[in-house]
Amino acid sequence: MNAISIQNINKHFYDPVEFQVLKDISFDVKKGEFVSIIGKSGSGKSTLLYLLSTMDTKYNGNIAINGTQVTGLSQNELAKFRNEQIGFVFQFHFLLPEFTVLDNVMLPALKLNKRPKDEIEAEAIESLHLLGLKGNEHKKASKISGGQQQRVAIARALINSPSIIMGDEPTGNLDSKNTNIVFDVFKELAKERGQTIIAVTHDDEFADNCDRIIELSDGKLIR
Amino acid sequence: MNTNQKIAKVHLTSRFRQLLVAILSVSFGISMYIAMNSFMAGVNNIQTEITFTSMSHIKIYNDLSEKIAPIIPKPKDSNTVLMVNNARNIQYTQGIKNADAIKNELLNLPEINGVALQLNEKVFIRNGVSNTSASLSGIETVNENKLFETAKYIVEGNLSELDKRSDGIILGVGLAQTIGVKTGNTISVSTSEGISKTFKIIGLLESGSKGADRTRALISIQTARQLFSKNKSYATDILVNTYDYNNASEVAEKVRKLTDYKVESWQEGNSQLVSSSLLRDILAIAVSLTILIVAGFGIYNIMNMTVNEKIKEIAILKAMGFNGKDVIEIFLTQSVAIGLIGGLVGLFLGNMIVQMLDIVPFKIASHNTLPVVYNAKDYILAFSFGTIITLIAGYLPSRKASKVDPVEILRG
């Protein structure tokens, strides 16, 4: 079964003038694959990622994730689906600044509400330790460094053991040391836990080390 | 506490100053509502208290009949012309002859608190060369005092003295001044039928109403019956007080079944009092609701700012799988919390303001401080209006938050 299967995706922007960002894109991503989406600025790669993320629903075509047809689901169904199936890592970490590091990591699992709180907390702490954040659990999210914040965001993306992790330039804001840490975590997740990773990146080195590269140019799939 | 409420709590407590301002604006609105209404109710009570010092809840008297029977029945056939000139409605009987019987019947009604008979007539009072007209009331001193607390307004002498001396009279202070007499002096009273009798002034009355004090004179009802040559049970007015003056109209309706004389409740005779107290109530509610609504705008503003400030976080929550309903719950919980805390503080603050008003010195009627009323209804209404308004003011920004498109925000 394919983790992601998209067919004939077309997307237009209408503001300020009509413009076709994505032109008839179709591809499949296998389970456990580590895929990079690359392309020049304006080639439509971020737009494509947000379509895959199920947050952007204004497109023509068909998207299926883990065999579920997500095209046509309601906003509430999609929110529930994201909560269970998809983890996000954004370019600018985007943590909730008023919450502690631990709360930030736990929130998606508390929302899912399928496990007791103690279990979630234990897992969140373990995950933070794995990512080298021991001792920062009870600090405010706004009080740690950018690299640390990005790793917290990764821990948050992993808490519900989603089948797919999506990154919008997850290393775009990090130095090479932190980039390597993030990359290694992703690689390990794909290999050992069988989680599918899709990351939009500008970083050629990052892309070259992935299992597969999807390249876009002017809204068309060229690789 | 579920996850959404926990998020709401963190949002609230992380910006303490804004929370404080929001809570205070609700508290202010609610406390003002309570203070205004308690004060207005106090003023209304004083107004009625003053009114009922000289007026009973229900008055029974002998009036011209309103139903006038035709003198000659209308002719049946159309060829006859009927002409009656100068038809008049004449009162054949004066006053109420069997007042005691009616009084006993009235006292059997459970709603009635007290009944007093009065014999009121216009007389001339003469002291040497100075004379003036006055309205003389023959009263039952004990019952009169029960209804109107007349003894409280006797500034010199004693009300019960009237029963002991058949030649005793109590004059209004203005009236005594007009004819230049003091307690202890004698005056002569002449009726419209030309009968004169000498009375000794045994007291002075100051009711607070200048107009009444300038014309009023009190004697015992037995003396009055004698003076006007009336029978033992005679009275011109039967004055009735009920336990609750707001029920006077309903009780008057019941009394009408017992007697053929004219029965008039105070509302019928004094519609201006009813409408002025209604107007004061409307004014108080309008002003205090306005204050509450302004407080509502304050909350709307604060919540709107919060939503704008947190728009990125809302987008993240949505990306993580929180749906529109969750977002509404998060922000609505915050405004409900503000409403409830502000409401409780407001109740407390309102009660404090009312207690402060209660000790401000102000001389009115028998009170020495500003009149206020402690009414549970005001507190309940203030609290419910306050929370409803915060709910509405919080719902609009919450709905806006729930419609945030995460893609737009996260892509920048």
# chains A, B, ... in the order shown; residues from 1 in each chain; ligands from 1
>>> interface_residues(of="chain B", to="chain A", cutoff="12 Å", atoms="only C-alpha atoms", output="PDB file with C-alpha atoms, in the first residue's frame")
ATOM      1  CA  MET B   1      -9.908  19.917  33.056  1.00  0.00           C
ATOM      2  CA  ASN B   2      -9.681  18.902  29.388  1.00  0.00           C
ATOM      3  CA  THR B   3      -6.970  19.925  26.955  1.00  0.00           C
ATOM      4  CA  ASN B   4      -8.878  22.866  25.517  1.00  0.00           C
ATOM      5  CA  GLN B   5      -9.612  24.286  28.960  1.00  0.00           C
ATOM      6  CA  LYS B   6      -5.990  23.817  29.916  1.00  0.00           C
ATOM      7  CA  ILE B   7      -4.897  25.842  26.884  1.00  0.00           C
ATOM      8  CA  ALA B   8      -7.451  28.512  27.780  1.00  0.00           C
ATOM      9  CA  LYS B   9      -6.057  28.652  31.297  1.00  0.00           C
ATOM     10  CA  VAL B  10      -2.491  29.106  30.048  1.00  0.00           C
ATOM     11  CA  HIS B  11      -3.636  31.870  27.686  1.00  0.00           C
ATOM     12  CA  LEU B  12      -5.404  33.676  30.503  1.00  0.00           C
ATOM     13  CA  THR B  13      -2.748  33.394  33.163  1.00  0.00           C
ATOM     14  CA  SER B  14       0.156  34.262  30.881  1.00  0.00           C
ATOM     15  CA  ARG B  15      -1.162  37.799  30.433  1.00  0.00           C
ATOM     16  CA  GLU B 309      -2.061  38.039  18.779  1.00  0.00           C
ATOM     17  CA  LYS B 310      -2.450  34.283  18.873  1.00  0.00           C
ATOM     18  CA  ILE B 311      -3.361  33.793  15.247  1.00  0.00           C
ATOM     19  CA  LYS B 312      -0.129  31.861  14.622  1.00  0.00           C
ATOM     20  CA  GLU B 313      -0.759  29.587  17.569  1.00  0.00           C
ATOM     21  CA  ILE B 314      -4.287  28.964  16.364  1.00  0.00           C
ATOM     22  CA  ALA B 315      -2.842  27.922  13.003  1.00  0.00           C
ATOM     23  CA  ILE B 316      -0.406  25.535  14.744  1.00  0.00           C
ATOM     24  CA  LEU B 317      -3.187  24.039  16.855  1.00  0.00           C
ATOM     25  CA  LYS B 318      -5.202  23.495  13.699  1.00  0.00           C
ATOM     26  CA  ALA B 319      -2.229  21.909  11.934  1.00  0.00           C
ATOM     27  CA  MET B 320      -1.844  19.562  14.900  1.00  0.00           C
ATOM     28  CA  GLY B 321      -5.436  18.454  14.513  1.00  0.00           C
ATOM     29  CA  PHE B 322      -7.526  20.806  16.662  1.00  0.00           C
ATOM     30  CA  ASN B 323     -10.764  21.603  14.821  1.00  0.00           C
ATOM     31  CA  GLY B 324     -12.906  24.740  14.673  1.00  0.00           C
ATOM     32  CA  LYS B 325     -15.020  23.668  17.667  1.00  0.00           C
ATOM     33  CA  ASP B 326     -11.896  23.165  19.804  1.00  0.00           C
ATOM     34  CA  VAL B 327     -10.696  26.663  18.932  1.00  0.00           C
ATOM     35  CA  SER B 402     -12.158  29.150  14.461  1.00  0.00           C
ATOM     36  CA  LYS B 403     -12.209  30.313  10.847  1.00  0.00           C
ATOM     37  CA  VAL B 404      -8.468  30.989  10.674  1.00  0.00           C
ATOM     38  CA  ASP B 405      -6.960  29.291   7.632  1.00  0.00           C
ATOM     39  CA  PRO B 406      -3.731  27.639   8.868  1.00  0.00           C
ATOM     40  CA  VAL B 407      -2.166  27.549   5.403  1.00  0.00           C
ATOM     41  CA  GLU B 408      -2.379  31.310   5.015  1.00  0.00           C
ATOM     42  CA  ILE B 409      -0.755  31.907   8.422  1.00  0.00           C
ATOM     43  CA  LEU B 410       1.916  29.193   8.365  1.00  0.00           C
ATOM     44  CA  ARG B 411       3.114  29.982   4.845  1.00  0.00           C
ATOM     45  CA  GLY B 412       3.444  33.640   5.850  1.00  0.00           C
TER      46      GLY B 412
END
>>> closest_atom_pairs(of="range 35-82 of chain B", to="range 239-247 of chain B", cutoff="8 Å", atoms="only C-alpha atoms", output="JSON lines")
{"residue": "B:Ser56", "atom": "CA", "partner": "B:Leu239", "partner_atom": "CA", "distance": 5.7}
{"residue": "B:His57", "atom": "CA", "partner": "B:Asn241", "partner_atom": "CA", "distance": 5.0}
{"residue": "B:Ile58", "atom": "CA", "partner": "B:Val240", "partner_atom": "CA", "distance": 5.0}
{"residue": "B:Lys59", "atom": "CA", "partner": "B:Leu239", "partner_atom": "CA", "distance": 4.8}
{"residue": "B:Ile60", "atom": "CA", "partner": "B:Leu239", "partner_atom": "CA", "distance": 6.4}
>>> closest_atom_pairs(of="range 50-102 of chain A", to="range 7-23 of chain A", cutoff="12 Å", atoms="only C-alpha atoms", output="CSV")
residue,atom,partner,partner_atom,distance
A:Tyr50,CA,A:Lys11,CA,11.5
A:Leu51,CA,A:Ile9,CA,9.3
A:Leu52,CA,A:Ile9,CA,10.5
A:Asp56,CA,A:Lys11,CA,10.4
A:Thr57,CA,A:Lys11,CA,9.9
A:Lys58,CA,A:Lys11,CA,7.4
A:Tyr59,CA,A:Lys11,CA,4.9
A:Asn60,CA,A:Asn10,CA,5.1
A:Gly61,CA,A:Ile9,CA,4.4
A:Asn62,CA,A:Gln7,CA,5.2
A:Ile63,CA,A:Gln7,CA,6.6
A:Ala64,CA,A:Gln7,CA,8.8
A:Ile65,CA,A:Gln7,CA,11.8
A:Gln69,CA,A:Gln7,CA,11.4
A:Thr71,CA,A:Ile9,CA,10.9
>>> write_last_selection(atoms="C-alpha atoms", output="short mmCIF file (atom, residue, chain, number, x, y, z; two decimals), in the first residue's frame")
data_model
loop_
_atom_site.label_atom_id
_atom_site.label_comp_id
_atom_site.auth_asym_id
_atom_site.auth_seq_id
_atom_site.Cartn_x
_atom_site.Cartn_y
_atom_site.Cartn_z
CA TYR A 50 0.37 21.98 2.13
CA LEU A 51 -1.99 20.10 -0.19
CA LEU A 52 -0.52 16.83 1.04
CA ASP A 56 -5.19 23.30 1.94
CA THR A 57 -8.29 21.88 0.32
CA LYS A 58 -8.70 24.16 -2.66
CA TYR A 59 -7.42 22.08 -5.58
CA ASN A 60 -8.53 19.81 -8.40
CA GLY A 61 -7.42 16.20 -8.44
CA ASN A 62 -7.26 13.40 -5.98
CA ILE A 63 -5.16 12.73 -2.88
CA ALA A 64 -5.16 9.46 -0.91
CA ILE A 65 -3.11 8.96 2.25
CA GLN A 69 -9.28 9.30 0.17
CA THR A 71 -10.12 14.76 -1.04
#
>>> residues_around(residues="Ala155 in chain A", least_positions_apart="2", cutoff="10 Å", atoms="only C-alpha atoms", output="PDB file with N, CA and C atoms, in the first residue's frame")
ATOM      1  N   GLY A  87       2.448  14.184  11.211  1.00  0.00           N
ATOM      2  CA  GLY A  87       3.207  15.049  12.097  1.00  0.00           C
ATOM      3  C   GLY A  87       3.868  16.141  11.273  1.00  0.00           C
ATOM      4  N   PHE A  88       3.945  17.361  11.858  1.00  0.00           N
ATOM      5  CA  PHE A  88       4.507  18.481  11.107  1.00  0.00           C
ATOM      6  C   PHE A  88       5.755  19.046  11.746  1.00  0.00           C
ATOM      7  N   VAL A  89       6.716  19.400  10.890  1.00  0.00           N
ATOM      8  CA  VAL A  89       7.852  20.194  11.365  1.00  0.00           C
ATOM      9  C   VAL A  89       7.976  21.374  10.407  1.00  0.00           C
ATOM     10  N   VAL A 101       8.084  23.222  27.308  1.00  0.00           N
ATOM     11  CA  VAL A 101       8.548  22.326  26.260  1.00  0.00           C
ATOM     12  C   VAL A 101       7.741  21.021  26.302  1.00  0.00           C
ATOM     13  N   LEU A 102       7.592  20.495  27.502  1.00  0.00           N
ATOM     14  CA  LEU A 102       6.885  19.224  27.663  1.00  0.00           C
ATOM     15  C   LEU A 102       5.428  19.337  27.204  1.00  0.00           C
ATOM     16  N   ASN A 104       4.186  21.402  25.051  1.00  0.00           N
ATOM     17  CA  ASN A 104       4.169  21.516  23.597  1.00  0.00           C
ATOM     18  C   ASN A 104       4.199  20.150  22.946  1.00  0.00           C
ATOM     19  N   VAL A 105       5.057  19.281  23.477  1.00  0.00           N
ATOM     20  CA  VAL A 105       5.193  17.944  22.890  1.00  0.00           C
ATOM     21  C   VAL A 105       3.928  17.117  23.139  1.00  0.00           C
ATOM     22  N   MET A 106       3.358  17.294  24.328  1.00  0.00           N
ATOM     23  CA  MET A 106       2.223  16.441  24.711  1.00  0.00           C
ATOM     24  C   MET A 106       0.899  16.821  24.053  1.00  0.00           C
ATOM     25  N   GLU A 123       6.329   9.147  27.476  1.00  0.00           N
ATOM     26  CA  GLU A 123       6.844   9.038  26.119  1.00  0.00           C
ATOM     27  C   GLU A 123       7.443  10.360  25.652  1.00  0.00           C
ATOM     28  N   ALA A 124       6.767  11.476  26.006  1.00  0.00           N
ATOM     29  CA  ALA A 124       7.267  12.791  25.603  1.00  0.00           C
ATOM     30  C   ALA A 124       8.648  13.034  26.203  1.00  0.00           C
ATOM     31  N   ILE A 125       8.814  12.661  27.461  1.00  0.00           N
ATOM     32  CA  ILE A 125      10.111  12.881  28.114  1.00  0.00           C
ATOM     33  C   ILE A 125      11.190  12.024  27.463  1.00  0.00           C
ATOM     34  N   GLU A 126      10.844  10.781  27.157  1.00  0.00           N
ATOM     35  CA  GLU A 126      11.797   9.885  26.508  1.00  0.00           C
ATOM     36  C   GLU A 126      12.212  10.448  25.157  1.00  0.00           C
ATOM     37  N   SER A 127      11.209  10.905  24.407  1.00  0.00           N
ATOM     38  CA  SER A 127      11.466  11.448  23.079  1.00  0.00           C
ATOM     39  C   SER A 127      12.371  12.683  23.160  1.00  0.00           C
ATOM     40  N   LEU A 128      12.122  13.539  24.162  1.00  0.00           N
ATOM     41  CA  LEU A 128      12.957  14.735  24.328  1.00  0.00           C
ATOM     42  C   LEU A 128      14.393  14.347  24.696  1.00  0.00           C
ATOM     43  N   HIS A 129      14.531  13.313  25.499  1.00  0.00           N
ATOM     44  CA  HIS A 129      15.880  12.847  25.870  1.00  0.00           C
ATOM     45  C   HIS A 129      16.631  12.331  24.658  1.00  0.00           C
ATOM     46  N   LEU A 130      15.907  11.568  23.815  1.00  0.00           N
ATOM     47  CA  LEU A 130      16.516  11.040  22.597  1.00  0.00           C
ATOM     48  C   LEU A 130      17.038  12.156  21.707  1.00  0.00           C
ATOM     49  N   LEU A 131      16.304  13.277  21.697  1.00  0.00           N
ATOM     50  CA  LEU A 131      16.676  14.406  20.838  1.00  0.00           C
ATOM     51  C   LEU A 131      17.648  15.350  21.559  1.00  0.00           C
ATOM     52  N   LEU A 133      17.448  16.841  24.608  1.00  0.00           N
ATOM     53  CA  LEU A 133      16.869  18.010  25.274  1.00  0.00           C
ATOM     54  C   LEU A 133      16.657  17.768  26.768  1.00  0.00           C
ATOM     55  N   GLN A 149      14.493  24.448  19.793  1.00  0.00           N
ATOM     56  CA  GLN A 149      13.061  24.575  19.469  1.00  0.00           C
ATOM     57  C   GLN A 149      12.696  23.654  18.312  1.00  0.00           C
ATOM     58  N   GLN A 150      13.589  23.612  17.315  1.00  0.00           N
ATOM     59  CA  GLN A 150      13.288  22.772  16.160  1.00  0.00           C
ATOM     60  C   GLN A 150      13.216  21.306  16.578  1.00  0.00           C
ATOM     61  N   ARG A 151      14.088  20.902  17.486  1.00  0.00           N
ATOM     62  CA  ARG A 151      14.047  19.510  17.939  1.00  0.00           C
ATOM     63  C   ARG A 151      12.785  19.236  18.761  1.00  0.00           C
ATOM     64  N   VAL A 152      12.349  20.251  19.551  1.00  0.00           N
ATOM     65  CA  VAL A 152      11.073  20.100  20.270  1.00  0.00           C
ATOM     66  C   VAL A 152       9.941  19.894  19.274  1.00  0.00           C
ATOM     67  N   ALA A 153       9.984  20.667  18.182  1.00  0.00           N
ATOM     68  CA  ALA A 153       8.949  20.542  17.156  1.00  0.00           C
ATOM     69  C   ALA A 153       8.940  19.136  16.574  1.00  0.00           C
ATOM     70  N   ALA A 157       6.014  16.386  16.612  1.00  0.00           N
ATOM     71  CA  ALA A 157       5.497  15.739  15.416  1.00  0.00           C
ATOM     72  C   ALA A 157       5.417  14.226  15.606  1.00  0.00           C
ATOM     73  N   LEU A 158       6.270  13.671  16.498  1.00  0.00           N
ATOM     74  CA  LEU A 158       6.353  12.216  16.642  1.00  0.00           C
ATOM     75  C   LEU A 158       5.405  11.645  17.685  1.00  0.00           C
ATOM     76  N   ILE A 159       4.846  12.491  18.551  1.00  0.00           N
ATOM     77  CA  ILE A 159       4.196  11.997  19.765  1.00  0.00           C
ATOM     78  C   ILE A 159       3.041  11.038  19.487  1.00  0.00           C
ATOM     79  N   ASN A 160       2.289  11.250  18.386  1.00  0.00           N
ATOM     80  CA  ASN A 160       1.169  10.343  18.116  1.00  0.00           C
ATOM     81  C   ASN A 160       1.576   9.202  17.204  1.00  0.00           C
TER      82      ASN A 160
END
>>> select_by_dssp(residues="range 312-370 of chain B", states="alpha helix (DSSP H)", output="ChimeraX atom specification")
/B:312-320,324-358
>>> write_last_selection(atoms="N, CA and C atoms", output="short mmCIF file (atom, residue, chain, number, x, y, z; two decimals), in the first residue's frame")
data_model
loop_
_atom_site.label_atom_id
_atom_site.label_comp_id
_atom_site.auth_asym_id
_atom_site.auth_seq_id
_atom_site.Cartn_x
_atom_site.Cartn_y
_atom_site.Cartn_z
N LYS B 312 -1.12 32.86 15.01
CA LYS B 312 -0.13 31.86 14.62
C LYS B 312 -0.32 30.58 15.43
N GLU B 313 -0.56 30.77 16.71
CA GLU B 313 -0.76 29.59 17.57
C GLU B 313 -2.02 28.84 17.18
N ILE B 314 -3.05 29.62 16.80
CA ILE B 314 -4.29 28.96 16.36
C ILE B 314 -4.00 28.10 15.14
N ALA B 315 -3.20 28.68 14.21
CA ALA B 315 -2.84 27.92 13.00
C ALA B 315 -2.09 26.65 13.37
N ILE B 316 -1.16 26.73 14.34
CA ILE B 316 -0.41 25.54 14.74
C ILE B 316 -1.34 24.49 15.34
N LEU B 317 -2.23 24.97 16.23
CA LEU B 317 -3.19 24.04 16.85
C LEU B 317 -3.99 23.32 15.77
N LYS B 318 -4.41 24.11 14.77
CA LYS B 318 -5.20 23.49 13.70
C LYS B 318 -4.37 22.49 12.91
N ALA B 319 -3.10 22.83 12.66
CA ALA B 319 -2.23 21.91 11.93
C ALA B 319 -2.06 20.62 12.73
N MET B 320 -2.03 20.74 14.06
CA MET B 320 -1.84 19.56 14.90
C MET B 320 -3.11 18.73 15.01
N GLY B 324 -12.29 23.43 14.40
CA GLY B 324 -12.91 24.74 14.67
C GLY B 324 -13.59 24.80 16.03
N LYS B 325 -14.29 23.71 16.39
CA LYS B 325 -15.02 23.67 17.67
C LYS B 325 -14.06 23.79 18.84
N ASP B 326 -12.90 23.09 18.73
CA ASP B 326 -11.90 23.16 19.80
C ASP B 326 -11.45 24.60 19.99
N VAL B 327 -11.19 25.29 18.86
CA VAL B 327 -10.70 26.66 18.93
C VAL B 327 -11.75 27.56 19.58
N ILE B 328 -13.02 27.37 19.20
CA ILE B 328 -14.10 28.15 19.83
C ILE B 328 -14.11 27.87 21.33
N GLU B 329 -13.98 26.59 21.70
CA GLU B 329 -14.01 26.24 23.13
C GLU B 329 -12.88 26.93 23.88
N ILE B 330 -11.67 26.92 23.26
CA ILE B 330 -10.51 27.52 23.91
C ILE B 330 -10.77 29.00 24.22
N PHE B 331 -11.28 29.74 23.22
CA PHE B 331 -11.42 31.18 23.43
C PHE B 331 -12.69 31.53 24.20
N LEU B 332 -13.75 30.73 23.99
CA LEU B 332 -14.98 31.00 24.73
C LEU B 332 -14.77 30.72 26.22
N THR B 333 -14.00 29.67 26.52
CA THR B 333 -13.70 29.36 27.92
C THR B 333 -13.05 30.57 28.59
N GLN B 334 -12.17 31.24 27.83
CA GLN B 334 -11.50 32.41 28.42
C GLN B 334 -12.50 33.50 28.75
N SER B 335 -13.42 33.79 27.81
CA SER B 335 -14.34 34.89 28.12
C SER B 335 -15.35 34.49 29.19
N VAL B 336 -15.73 33.21 29.21
CA VAL B 336 -16.65 32.76 30.27
C VAL B 336 -15.95 32.89 31.63
N ALA B 337 -14.67 32.53 31.68
CA ALA B 337 -13.92 32.66 32.94
C ALA B 337 -13.88 34.12 33.37
N ILE B 338 -13.61 35.01 32.39
CA ILE B 338 -13.59 36.45 32.71
C ILE B 338 -14.96 36.88 33.22
N GLY B 339 -16.02 36.41 32.54
CA GLY B 339 -17.37 36.78 32.92
C GLY B 339 -17.71 36.31 34.34
N LEU B 340 -17.36 35.05 34.65
CA LEU B 340 -17.72 34.50 35.96
C LEU B 340 -16.93 35.18 37.09
N ILE B 341 -15.62 35.29 36.88
CA ILE B 341 -14.80 35.93 37.93
C ILE B 341 -15.23 37.39 38.08
N GLY B 342 -15.34 38.08 36.92
CA GLY B 342 -15.76 39.49 36.96
C GLY B 342 -17.13 39.63 37.61
N GLY B 343 -18.02 38.66 37.33
CA GLY B 343 -19.36 38.70 37.90
C GLY B 343 -19.32 38.59 39.42
N LEU B 344 -18.54 37.62 39.92
CA LEU B 344 -18.47 37.42 41.37
C LEU B 344 -17.87 38.64 42.05
N VAL B 345 -16.76 39.13 41.46
CA VAL B 345 -16.14 40.34 42.03
C VAL B 345 -17.14 41.49 41.99
N GLY B 346 -17.91 41.57 40.88
CA GLY B 346 -18.89 42.65 40.71
C GLY B 346 -19.98 42.59 41.77
N LEU B 347 -20.44 41.37 42.09
CA LEU B 347 -21.47 41.23 43.12
C LEU B 347 -20.95 41.77 44.45
N PHE B 348 -19.72 41.38 44.75
CA PHE B 348 -19.10 41.80 46.00
C PHE B 348 -18.94 43.33 46.04
N LEU B 349 -18.40 43.85 44.91
CA LEU B 349 -18.14 45.29 44.81
C LEU B 349 -19.45 46.08 44.86
N GLY B 350 -20.47 45.56 44.15
CA GLY B 350 -21.78 46.22 44.11
C GLY B 350 -22.36 46.31 45.51
N ASN B 351 -22.25 45.19 46.24
CA ASN B 351 -22.77 45.18 47.61
C ASN B 351 -22.05 46.21 48.48
N MET B 352 -20.73 46.35 48.23
CA MET B 352 -19.96 47.31 49.00
C MET B 352 -20.42 48.74 48.70
N ILE B 353 -20.65 49.03 47.39
CA ILE B 353 -21.11 50.38 47.02
C ILE B 353 -22.45 50.67 47.68
N VAL B 354 -23.35 49.68 47.64
CA VAL B 354 -24.68 49.88 48.22
C VAL B 354 -24.56 50.15 49.73
N GLN B 355 -23.66 49.38 50.38
CA GLN B 355 -23.49 49.60 51.82
C GLN B 355 -22.93 50.99 52.11
N MET B 356 -22.06 51.47 51.19
CA MET B 356 -21.51 52.81 51.37
C MET B 356 -22.60 53.86 51.20
N LEU B 357 -23.44 53.69 50.17
CA LEU B 357 -24.56 54.63 49.96
C LEU B 357 -25.46 54.65 51.19
N ASP B 358 -25.60 53.46 51.78
CA ASP B 358 -26.50 53.30 52.92
C ASP B 358 -26.08 54.14 54.13
#
>>> closest_residue(among="B:Leu171, B:Ala235, B:Val307, B:Leu204", to="Ala99 in chain B", atoms="only C-alpha atoms")
B:Ala235
>>> atom_distance(atom1="CA of Phe183 in chain A", atom2="CA of Glu119 in chain A")
27.1 Å
>>> select_by_dssp(residues="range 300-402 of chain B", states="strand (DSSP E or B)", output="number ranges by chain")
B: 361-364, 367-369
>>> residues_around(residues="range 211-223 of chain B", least_positions_apart="5", cutoff="6 Å", atoms="only C-alpha atoms", output="list of chain:residue names")
B:Ala134, B:Ser135, B:Leu136, B:Ser137, B:Gly138, B:Ile139, B:Glu140, B:Leu162, B:Ser166, B:Ile169, B:Ile170, B:Leu171, B:Gly172, B:Val173, B:Gly174, B:Leu175
